[in-house]
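A.B. asks: Before we start, here is the structure in question, set down as structure tokens.
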Amino acid sequence: MSEESRSDKKGFKRRDFLKIATVGVATGTGLFISKETILATSKDRKRKGHQSNEVKPGELDAYYGFWSGGHSGEVRIIGVPSMREIKRIPVFNMDVATGWGITNESKKLLKGRYTGDTHHVHGSYKNGTYDGRYLFVNDKLNNRVARIRIDYMEVDAIVEIPNVQGTHGIFPQRYPKTEWLVANSEFQVPVPNDETNAGAFGKPKEYYGLHTIIDTERMSIVCQVMVDENMDLAATDYKGKYSMTTSYNTEKGVTISEMLSADYDYMLIFNWSRIREALRKGKYKWISGVKVIDGRKGRSDIVLRIPVPKNPHGVNISPDGKYAICSGKVSPTCTVVDLDLVDKAFEGRIKPEECIVAQPEIGLGPLHTTFDGRGNAYTSVFIDSTNVKWNIQKAIEAEKKGPEEKKKKEYIIDVLDVHYQVGHIMASMAETKEADGKWLVSLNKFSKDRFLNAGPYKVENDQLVDISGRKLRLVHDSPAYAEPHDCIIVRRDIIEPRVKDRYNMFEHPLAVVKSGIERQGKKVTIRMTSNAPVYGIQEARVKKGDRITLIVTNHDEISDLSHGVAISNYNINFVIAPFQTRSVTFTADNPGVFWVYCTNFCHALHLEMRMRIIVEP
Ligand code: K7E
Ligand code: CUA
Ligand code: CA
């Protein structure tokens with residue numbers, strides 16, 4: 001049964017709406033049509049919205065959810081609305097199940113650093129919506145950004161960011177297509193942060209934040225803009241003109257009380273045409289091998305600083321591209337910035353604070369905001385443990401009418417209690433101009449008795465909310481292991497056609513066509529194919545101390561037919577999917593007979609799928 005017909009059964013009034021529209025046309029009364037149309041479209045009063053989140057065995061989800069994995073260092077694929085975990089993509093972590101961090105290919109990308117802290121995952125864009133090519137994710141711990149190829153759902157590049165610490169908010173360019181990605185540094189540090197600058201170590205006023213711009217094709221650094229402030233979350237606009245961030249430490253504090261001392265901090269907006277101009281004119285310094293442009297206060301006109309109440313957190317752009325919404329965190333408000341006014345502020349025609357068109361009161365501890373494409377915003381409120389649905393236009397109107405009108409809070413449409421302490425919140429397609437207002441995920445930091453108690457270290461609770469109606473409807477609790485922060489929810493038709501069933505075999509320069517063993521001095525290369533249920537080599541004889549490179553190509557092309565390659569007592573274990581090639585290099589330091597066996601159940605004779613490496617003394 002389709003989602004549509006199921007919803008109809010439960011009383012979705014779409015048919016009634018069609019009826020009204022038809023009657024209106026038939027009677028020819030213009031008044032009648034406009035009244036009903038207004039009621040049905042602008043205020044979503046008619047929206048009952050009872051979609052089913054049930055995805056029966058054999059059925060597929062309508063959305064791919066891509067979750068960051070927090071301090072697990074990975075990215076996860078969750079089906080929405082079923083909330084079934086489909087796959088984990090190892091990124092900055094070692095993953096024994098697939099051999100990530102074990103194979104030569106992954107080691108080359110990870111460069112010996114097998115820990116990470118992924119907070120924000122975003123897709124590549126074309127014309128304001130996902131193009132289904134790449135995902136990007138940050139590593140707050142080791143200051144890296146990884147790119148995941150969607151066709152293989154695998155990391156293919158990692159860029160390291162110098163001069164920074166706490167690489168937190170990232171966002172790809174949304175228009176006309178992703179060529180740049182911005183990455184924020186949350187912790188201010190001396191720049192450069194090495195012995196050449198030791199004089200600054202004890203002087204926090206000489207610590208800076210850097211807004212790094214990454215070339216997403218080359219996965220290299222274009223430049224960095226240095227500012228006094230720290231930078232938390234990131235966003236880009238829908239016109240390719242600006243990137244924006246929030247700063248909670250404009251004070252340059254190093255303790256909590258110092259970071260909370262000022263009444264106002266900033267939303268910072270970076271002007272991309274002025275950054276390009278600075279690059280063209282050579283207005284930068286080389287620091288640690290990258291171009292650093294000075295964006296500090298009073299030094300350039302690249303950065304606009306809009307004062308917002310102290311210690312803000314998320315910044316999100318409405319899908320119509322008009323507003324940047326900054327969530328207050330310490331302040332119970334959200335600040336709505338009109339991006340057309342930002343143009344004027346950059347031209348010096350108005351003051352930065354005049355870009356603010358509303359500051360609605362939302363609740364205690366607003367952190368992140370998402371959208372339904374129908375003019376409504378949904379803000380996660382940490383201390384209250386709620387998701388608050390509010391109307392952006394109504395908040396702007398209330399602001400215009402004055403404090404009395406604001407107090408009525410008529411812009412608030414619904415408040416949903418969540419369990420508990422929500423961080424990020426994300427609606428389906430909400431970070432694109434195609435926001436569709438169907439599902440929302442509330443990523444709650446505490447699960448508090450919602451699941452079987454599995455020890456002192458508790459899981460989180462990702463709650464699924466139906467937002468197709470006027471009211472928010474909680475439909476599912478889903479435990480999440482440490483510690484997704486953010487997610488994006490992408491329509492299936494964007495991703496599914498891109499995903500491949502097998503690798504392009506000759507993309508790997510070492511693809512094995514024919515099995516064989518080759519020796520050059522103490523270096524031995526074992527090239528081996530795999531075809532269920534046999535490896536292309538049954539026995540390899542080497543000598544103690546030989547440096548062995550084992551290259552394996554899976555010749556099974558049938559979807560699902562992956563093999564494992566595990567070398568007993570050699571701590572080597574990896575998987576090869578159809579037409580994939582992977583290699584490992586190790587020293588044969590112990591004489592003996594060592595079974596190499598398949599770990600991935602592939603065939604009725606899977607257990608017999610093995611070969612020997614004989615290490616002679
Ligand atoms: Cu709010 Cu790292 Cu996106 Cu966590 S950040 S919640
Ligand atoms: Cu090959 Cu199991
Ligand atoms: Ca502050």
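In the structure tokens, chains take the letters A, B, ... in the order shown, each chain's residues start at 1, and ligands count up from 1 in the order shown.
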Write out as number ranges by chain all residues of region 314-403 of chain A that backbone DSSP assigns to strand (DSSP E).

C.D. replies: A: 315-317, 323-327, 334-338, 356-358, 366-371, 376-381, 386-391

A.B. asks: Store the residues of this selection in a file with N, CA and C atoms, as an mmCIF file, in the first residue's frame.

C.D. replies:
data_model
loop_
_atom_site.group_PDB
_atom_site.id
_atom_site.type_symbol
_atom_site.label_atom_id
_atom_site.label_comp_id
_atom_site.auth_asym_id
_atom_site.auth_seq_id
_atom_site.Cartn_x
_atom_site.Cartn_y
_atom_site.Cartn_z
ATOM 1 N N VAL A 315 22.950 27.905 13.470
ATOM 2 C CA VAL A 315 22.481 28.854 12.456
ATOM 3 C C VAL A 315 21.975 28.037 11.266
ATOM 4 N N ASN A 316 20.728 28.348 10.851
ATOM 5 C CA ASN A 316 20.118 27.596 9.752
ATOM 6 C C ASN A 316 19.416 28.559 8.808
ATOM 7 N N ILE A 317 19.413 28.199 7.517
ATOM 8 C CA ILE A 317 18.828 29.076 6.504
ATOM 9 C C ILE A 317 17.470 28.515 6.083
ATOM 10 N N TYR A 323 15.987 33.847 5.054
ATOM 11 C CA TYR A 323 16.369 34.152 6.427
ATOM 12 C C TYR A 323 17.463 33.235 6.965
ATOM 13 N N ALA A 324 18.330 33.814 7.776
ATOM 14 C CA ALA A 324 19.267 33.023 8.577
ATOM 15 C C ALA A 324 18.729 33.071 10.003
ATOM 16 N N ILE A 325 18.527 31.904 10.594
ATOM 17 C CA ILE A 325 17.960 31.860 11.935
ATOM 18 C C ILE A 325 18.988 31.308 12.907
ATOM 19 N N CYS A 326 19.247 32.136 13.920
ATOM 20 C CA CYS A 326 20.282 31.804 14.889
ATOM 21 C C CYS A 326 19.591 31.442 16.195
ATOM 22 N N SER A 327 19.888 30.254 16.702
ATOM 23 C CA SER A 327 19.219 29.791 17.921
ATOM 24 C C SER A 327 19.977 30.278 19.149
ATOM 25 N N CYS A 334 15.114 33.021 19.259
ATOM 26 C CA CYS A 334 15.809 32.825 17.993
ATOM 27 C C CYS A 334 15.924 34.197 17.335
ATOM 28 N N THR A 335 17.046 34.436 16.660
ATOM 29 C CA THR A 335 17.216 35.704 15.963
ATOM 30 C C THR A 335 17.059 35.466 14.463
ATOM 31 N N VAL A 336 16.109 36.192 13.843
ATOM 32 C CA VAL A 336 15.858 36.029 12.411
ATOM 33 C C VAL A 336 16.543 37.171 11.664
ATOM 34 N N VAL A 337 17.476 36.809 10.786
ATOM 35 C CA VAL A 337 18.219 37.797 9.999
ATOM 36 C C VAL A 337 17.748 37.726 8.556
ATOM 37 N N ASP A 338 17.374 38.872 8.009
ATOM 38 C CA ASP A 338 16.922 38.952 6.623
ATOM 39 C C ASP A 338 18.153 39.085 5.721
ATOM 40 N N ILE A 356 18.325 42.351 11.569
ATOM 41 C CA ILE A 356 17.462 41.476 12.380
ATOM 42 C C ILE A 356 16.014 41.911 12.210
ATOM 43 N N VAL A 357 15.158 40.956 11.798
ATOM 44 C CA VAL A 357 13.749 41.307 11.590
ATOM 45 C C VAL A 357 12.823 40.690 12.638
ATOM 46 N N ALA A 358 13.318 39.774 13.423
ATOM 47 C CA ALA A 358 12.491 39.219 14.495
ATOM 48 C C ALA A 358 13.373 38.524 15.511
ATOM 49 N N PRO A 366 17.225 27.181 23.199
ATOM 50 C CA PRO A 366 17.058 26.820 21.781
ATOM 51 C C PRO A 366 18.419 26.526 21.131
ATOM 52 N N LEU A 367 18.531 25.399 20.430
ATOM 53 C CA LEU A 367 19.835 25.008 19.872
ATOM 54 C C LEU A 367 19.888 25.001 18.348
ATOM 55 N N HIS A 368 18.924 24.367 17.714
ATOM 56 C CA HIS A 368 18.985 24.243 16.251
ATOM 57 C C HIS A 368 17.592 24.404 15.669
ATOM 58 N N THR A 369 17.540 24.842 14.404
ATOM 59 C CA THR A 369 16.249 25.095 13.771
ATOM 60 C C THR A 369 16.180 24.383 12.430
ATOM 61 N N THR A 370 15.005 23.801 12.149
ATOM 62 C CA THR A 370 14.810 23.162 10.852
ATOM 63 C C THR A 370 13.474 23.626 10.273
ATOM 64 N N PHE A 371 13.108 23.158 9.068
ATOM 65 C CA PHE A 371 12.026 23.792 8.323
ATOM 66 C C PHE A 371 11.145 22.769 7.602
ATOM 67 N N ASN A 376 7.182 27.371 8.108
ATOM 68 C CA ASN A 376 7.332 27.132 9.553
ATOM 69 C C ASN A 376 8.752 26.701 9.898
ATOM 70 N N ALA A 377 9.151 27.077 11.090
ATOM 71 C CA ALA A 377 10.444 26.660 11.619
ATOM 72 C C ALA A 377 10.182 25.739 12.805
ATOM 73 N N TYR A 378 11.129 24.854 13.057
ATOM 74 C CA TYR A 378 11.035 23.929 14.195
ATOM 75 C C TYR A 378 12.353 24.046 14.936
ATOM 76 N N THR A 379 12.274 24.446 16.186
ATOM 77 C CA THR A 379 13.503 24.668 16.932
ATOM 78 C C THR A 379 13.605 23.650 18.067
ATOM 79 N N SER A 380 14.801 23.082 18.212
ATOM 80 C CA SER A 380 15.040 22.170 19.327
ATOM 81 C C SER A 380 15.347 23.013 20.550
ATOM 82 N N VAL A 381 14.716 22.663 21.666
ATOM 83 C CA VAL A 381 14.897 23.447 22.882
ATOM 84 C C VAL A 381 15.426 22.503 23.962
ATOM 85 N N THR A 386 11.917 20.198 24.330
ATOM 86 C CA THR A 386 10.787 20.305 23.401
ATOM 87 C C THR A 386 11.262 20.540 21.968
ATOM 88 N N ASN A 387 10.346 20.251 21.049
ATOM 89 C CA ASN A 387 10.467 20.722 19.665
ATOM 90 C C ASN A 387 9.375 21.775 19.517
ATOM 91 N N VAL A 388 9.769 22.984 19.135
ATOM 92 C CA VAL A 388 8.786 24.066 19.034
ATOM 93 C C VAL A 388 8.580 24.434 17.567
ATOM 94 N N LYS A 389 7.318 24.332 17.126
ATOM 95 C CA LYS A 389 6.966 24.734 15.761
ATOM 96 C C LYS A 389 6.480 26.169 15.788
ATOM 97 N N TRP A 390 7.100 26.997 14.987
ATOM 98 C CA TRP A 390 6.682 28.405 14.952
ATOM 99 C C TRP A 390 6.700 28.917 13.511
ATOM 100 N N ASN A 391 5.900 29.963 13.272
ATOM 101 C CA ASN A 391 5.777 30.498 11.925
ATOM 102 C C ASN A 391 6.663 31.738 11.768
#

A.B. asks: How would you write, as an NGL selection string, the set of residues no farther than 6 Å from ligand 1 when counting only C-alpha atoms and all ligand atoms?

C.D. replies: :A and (119 or 423-424 or 485-486)

A.B. asks: Which chains and residue numbers are within 9 Å of ligand 3, counting only C-alpha atoms and all ligand atoms, if I want them as number ranges by chain?

C.D. replies: A: 247-253, 256-266, 309-312

A.B. asks: Tell me, counting only C-alpha atoms and all ligand atoms, for each residue of chain A within 6 Å of ligand 2, which pair of atoms is nearest and how far apart they are in Å to one decimal, in rows ordered by chain and increasing number, as JSON lines.

C.D. replies:
{"residue": "A:Ala532", "atom": "CA", "partner": "ligand 2", "partner_atom_place_in_ligand_line": "1 (Cu)", "distance": 5.4}
{"residue": "A:Pro533", "atom": "CA", "partner": "ligand 2", "partner_atom_place_in_ligand_line": "1 (Cu)", "distance": 5.4}
{"residue": "A:His563", "atom": "CA", "partner": "ligand 2", "partner_atom_place_in_ligand_line": "1 (Cu)", "distance": 4.1}
{"residue": "A:Cys598", "atom": "CA", "partner": "ligand 2", "partner_atom_place_in_ligand_line": "2 (Cu)", "distance": 4.4}
{"residue": "A:Thr599", "atom": "CA", "partner": "ligand 2", "partner_atom_place_in_ligand_line": "2 (Cu)", "distance": 5.6}
{"residue": "A:Asn600", "atom": "CA", "partner": "ligand 2", "partner_atom_place_in_ligand_line": "2 (Cu)", "distance": 4.5}
{"residue": "A:Phe601", "atom": "CA", "partner": "ligand 2", "partner_atom_place_in_ligand_line": "2 (Cu)", "distance": 4.2}
{"residue": "A:Cys602", "atom": "CA", "partner": "ligand 2", "partner_atom_place_in_ligand_line": "2 (Cu)", "distance": 4.0}
{"residue": "A:His606", "atom": "CA", "partner": "ligand 2", "partner_atom_place_in_ligand_line": "2 (Cu)", "distance": 4.1}
{"residue": "A:Met609", "atom": "CA", "partner": "ligand 2", "partner_atom_place_in_ligand_line": "1 (Cu)", "distance": 5.8}

A.B. asks: Tell me, as a PyMOL selection string, which residues lie within 9 Å of region 544-551 of chain A, counting only C-alpha atoms; anything in the same chain fewer than 6 positions away does not count.

C.D. replies: chain A and resi 510-512+521-529+581-591+615-617

A.B. asks: Which residue, A:Ala480, A:Cys487, A:Ala198, A:Val182, has the smallest gap to Thr236 (chain A) when you use only C-alpha atoms?

C.D. replies: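 Smallest distance to Thr236 (chain A) is found for A:Val182.
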
A.B. asks: Which of region 300-427 of chain A end up as alpha helix (DSSP H) when DSSP is run on this backbone - answer as a PyMOL selection string?

C.D. replies: chain A and resi 339-346+392-401+403-407

A.B. asks: List the spatial neighbours of Ser428 (chain A) as a PDB file with C-alpha atoms, in the first residue's frame - criterion: any atom at most 10 Å away, only C-alpha atoms, same-chain residues fewer than 3 positions off excluded.

C.D. replies:
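Final output, saved to around_19.pdb:
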ATOM      1  CA  TYR A  63      14.314   8.580   2.725  1.00  0.00           C
ATOM      2  CA  TYR A  64      17.970   7.947   3.347  1.00  0.00           C
ATOM      3  CA  GLY A  65      19.001   9.446   6.662  1.00  0.00           C
ATOM      4  CA  VAL A  80      13.427   7.064   7.418  1.00  0.00           C
ATOM      5  CA  PRO A  81      10.662   6.639   8.525  1.00  0.00           C
ATOM      6  CA  THR A 370      14.810  23.162  10.852  1.00  0.00           C
ATOM      7  CA  PHE A 371      12.026  23.792   8.323  1.00  0.00           C
ATOM      8  CA  ASP A 372       9.004  22.285   6.569  1.00  0.00           C
ATOM      9  CA  GLY A 373       8.977  24.366   3.387  1.00  0.00           C
ATOM     10  CA  GLU A 431      18.557  21.865   4.288  1.00  0.00           C
ATOM     11  CA  THR A 432      17.466  22.230   0.652  1.00  0.00           C
ATOM     12  CA  GLU A 434      12.945  21.152  -1.586  1.00  0.00           C
ATOM     13  CA  ALA A 435      12.063  20.905   2.115  1.00  0.00           C
ATOM     14  CA  ASP A 436       8.940  18.739   2.099  1.00  0.00           C
ATOM     15  CA  GLY A 437       7.657  18.894   5.659  1.00  0.00           C
ATOM     16  CA  LYS A 438       6.977  15.199   6.152  1.00  0.00           C
ATOM     17  CA  TRP A 439       9.252  13.826   8.860  1.00  0.00           C
ATOM     18  CA  LEU A 440      11.406  15.308  11.538  1.00  0.00           C
ATOM     19  CA  VAL A 441      14.023  13.678  13.720  1.00  0.00           C
ATOM     20  CA  ILE A 467       5.213  16.989  10.853  1.00  0.00           C
ATOM     21  CA  CYS A 487      21.656  14.238  10.418  1.00  0.00           C
ATOM     22  CA  ILE A 488      20.224  14.995   7.023  1.00  0.00           C
ATOM     23  CA  ILE A 489      17.179  13.269   5.563  1.00  0.00           C
ATOM     24  CA  VAL A 490      17.379  12.870   1.797  1.00  0.00           C
ATOM     25  CA  ARG A 491      14.698  11.684  -0.620  1.00  0.00           C
TER      26      ARG A 491
END

A.B. asks: Tell me which of A:Asn271, A:Thr129, A:Asn142, A:Gln359 sits closest to Thr115 (chain A), counting only C-alpha atoms.

C.D. replies: A:Asn142

A.B. asks: My list of candidates is A:Arg305, A:Lys400, A:Arg280, A:Arg88. Which is closest to Cys355 (chain A) when distances are computed with only C-alpha atoms?

C.D. replies: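 The closest residue to Cys355 (chain A) is A:Arg305.
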
A.B. asks: So which one's closest to Arg470 (chain A), A:Arg299, A:Arg149, A:Lys500, A:Arg374? Using only C-alpha atoms, please.

C.D. replies: A:Arg374

A.B. asks: Compile the contact shell of region 166-176 of chain A as a VMD selection string: residues with an atom at most 7 Å away, counting only C-alpha atoms, same-chain residues fewer than 2 positions apart removed.

C.D. replies: chain A and resid 119 to 120 122 124 to 128 138 to 141 143 164 178 to 187 232 to 240

A.B. asks: Could those selected residues go to a file with N, CA and C atoms, as a tab-separated table (two decimals), in the first residue's frame?

C.D. replies:
chain	number	residue	atom	x	y	z
A	119	HIS	N	30.49	15.55	13.82
A	119	HIS	CA	29.28	16.24	14.27
A	119	HIS	C	28.31	16.53	13.14
A	120	HIS	N	28.84	16.98	12.01
A	120	HIS	CA	27.94	17.50	10.98
A	120	HIS	C	28.18	16.84	9.65
A	122	HIS	N	26.82	16.66	5.70
A	122	HIS	CA	26.04	17.39	4.70
A	122	HIS	C	26.32	16.81	3.32
A	124	SER	N	26.52	17.13	-1.05
A	124	SER	CA	26.89	18.11	-2.08
A	124	SER	C	25.61	18.59	-2.78
A	125	TYR	N	25.67	19.80	-3.28
A	125	TYR	CA	24.47	20.46	-3.82
A	125	TYR	C	24.62	20.83	-5.29
A	126	LYS	N	23.46	20.94	-5.93
A	126	LYS	CA	23.36	21.63	-7.21
A	126	LYS	C	22.06	22.44	-7.16
A	127	ASN	N	22.12	23.70	-7.49
A	127	ASN	CA	20.95	24.58	-7.47
A	127	ASN	C	20.10	24.46	-6.21
A	128	GLY	N	20.76	24.41	-5.08
A	128	GLY	CA	20.02	24.47	-3.82
A	128	GLY	C	19.42	23.15	-3.35
A	138	ASN	N	32.73	16.45	9.36
A	138	ASN	CA	33.87	17.06	10.06
A	138	ASN	C	34.47	16.10	11.09
A	139	ASP	N	35.70	16.34	11.47
A	139	ASP	CA	36.33	15.69	12.62
A	139	ASP	C	36.77	16.78	13.57
A	140	LYS	N	35.98	16.96	14.62
A	140	LYS	CA	36.29	18.03	15.57
A	140	LYS	C	37.58	17.72	16.33
A	141	LEU	N	37.87	16.44	16.51
A	141	LEU	CA	39.02	16.03	17.31
A	141	LEU	C	40.36	16.29	16.62
A	143	ASN	N	40.72	17.68	13.52
A	143	ASN	CA	40.66	18.79	12.55
A	143	ASN	C	40.82	18.34	11.11
A	164	VAL	N	44.15	25.33	13.19
A	164	VAL	CA	42.87	25.38	13.91
A	164	VAL	C	42.75	24.26	14.93
A	178	THR	N	28.12	22.83	-5.43
A	178	THR	CA	29.15	22.76	-4.40
A	178	THR	C	30.54	22.75	-5.03
A	179	GLU	N	31.29	23.83	-4.78
A	179	GLU	CA	32.70	23.86	-5.14
A	179	GLU	C	33.54	24.17	-3.90
A	180	TRP	N	32.92	24.92	-3.00
A	180	TRP	CA	33.57	25.25	-1.74
A	180	TRP	C	32.79	24.61	-0.60
A	181	LEU	N	33.52	24.41	0.49
A	181	LEU	CA	32.88	24.01	1.74
A	181	LEU	C	33.55	24.82	2.84
A	182	VAL	N	32.75	25.35	3.77
A	182	VAL	CA	33.37	26.10	4.86
A	182	VAL	C	33.44	25.23	6.11
A	183	ALA	N	34.49	25.43	6.89
A	183	ALA	CA	34.68	24.69	8.14
A	183	ALA	C	35.12	25.67	9.21
A	184	ASN	N	34.45	25.63	10.35
A	184	ASN	CA	34.71	26.57	11.44
A	184	ASN	C	35.60	25.98	12.51
A	185	SER	N	36.41	26.84	13.12
A	185	SER	CA	37.17	26.38	14.29
A	185	SER	C	36.50	26.91	15.54
A	186	GLU	N	36.13	26.00	16.42
A	186	GLU	CA	35.40	26.40	17.63
A	186	GLU	C	36.35	26.89	18.73
A	187	PHE	N	37.57	26.37	18.73
A	187	PHE	CA	38.53	26.76	19.76
A	187	PHE	C	39.53	27.76	19.16
A	232	ASP	N	31.08	28.51	15.87
A	232	ASP	CA	30.41	27.28	16.27
A	232	ASP	C	29.80	26.61	15.03
A	233	LEU	N	28.51	26.82	14.78
A	233	LEU	CA	27.87	26.19	13.63
A	233	LEU	C	28.11	26.99	12.35
A	234	ALA	N	27.84	26.35	11.22
A	234	ALA	CA	28.05	26.99	9.93
A	234	ALA	C	26.84	26.80	9.02
A	235	ALA	N	26.70	27.72	8.08
A	235	ALA	CA	25.67	27.58	7.04
A	235	ALA	C	26.16	28.35	5.82
A	236	THR	N	25.55	28.04	4.67
A	236	THR	CA	25.78	28.85	3.47
A	236	THR	C	24.41	29.28	2.96
A	237	ASP	N	24.36	30.36	2.20
A	237	ASP	CA	23.08	30.84	1.70
A	237	ASP	C	22.68	30.07	0.43
A	238	TYR	N	21.57	30.48	-0.17
A	238	TYR	CA	21.09	29.80	-1.39
A	238	TYR	C	21.46	30.57	-2.65
A	239	LYS	N	22.37	31.55	-2.52
A	239	LYS	CA	22.75	32.34	-3.69
A	239	LYS	C	24.23	32.25	-4.01
A	240	GLY	N	24.98	31.56	-3.19
A	240	GLY	CA	26.42	31.46	-3.42
A	240	GLY	C	27.17	32.73	-3.05

A.B. asks: Within 6 Å of Met611 (chain A), counting only C-alpha atoms, which residues qualify if same-chain residues fewer than 6 places away don't, as a VMD selection string?

C.D. replies: chain A and resid 538 to 539 595 to 596

A.B. asks: So which one's closest to Asn453 (chain A), A:Glu74, A:Pro479, A:Trp67, A:Arg541? Using only C-alpha atoms, please.

C.D. replies: A:Pro479

A.B. asks: Which is closest to Trp272 (chain A) among A:Gln51, A:Cys223, A:Ser288, A:Ser82, if we use only C-alpha atoms?

C.D. replies: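 Looking at the shortest contact to Trp272 (chain A), the residue is A:Cys223.
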